[in-house]
Amino acid sequence: MSTDMTPADRLNHQVVYTMLNKVKHSGDHPHDISFFAEDFEGESVSRELLIEQLNRIMPDYLLGEIEHSSDVSSTGAALVTCKNAQVTTDGLAMLKADYFKVDHPE
């Protein structure tokens, strides 16, 4: 299996990694997960960017449904919510491969 499993060259790898990692660490069973600007430390993200990235990785790396009715006008509101989110086997492999590509301080 190749470690380069990106479905498109236009993936923002750090954003995708953060989304998959949050879903993975939120539980093993399908569940609703909301993404906030604070989840993406140092990354400038928008609702549109997150939806674009989710559309690129679904259903190969992440299962679920994007909730399109989120109200992002209020402070602290989620940028986007993924209903019944669950990382796929390929998504777990991508997380593992990307984790080892990142320089992690000891």
# chains A, B, ... in the order shown; residues from 1 in each chain; ligands from 1
$ residues_around --residues "His13 of chain A" --least-positions-apart "5" --cutoff "10 Å" --atoms "only C-alpha atoms" --output "list in words"
Thr6, Thr18, Met19, Gln53, Met94, Leu95 and Asp98 of chain A
$ residues_around --residues "Asn55 of chain A" --least-positions-apart "6" --cutoff "10 Å" --atoms "only C-alpha atoms" --output "list in words"
Leu49, Leu62, Glu65 and Ile66 of chain A
$ residues_around --residues "segment 31-34 of chain A" --least-positions-apart "5" --cutoff "8 Å" --atoms "only C-alpha atoms" --output "MDAnalysis selection string"
chainID A and resid 23 26 78:86
$ atom_distance --atom1 "atom CA of Tyr17 of chain A" --atom2 "atom CA of Ser46 of chain A"
15.9 Å
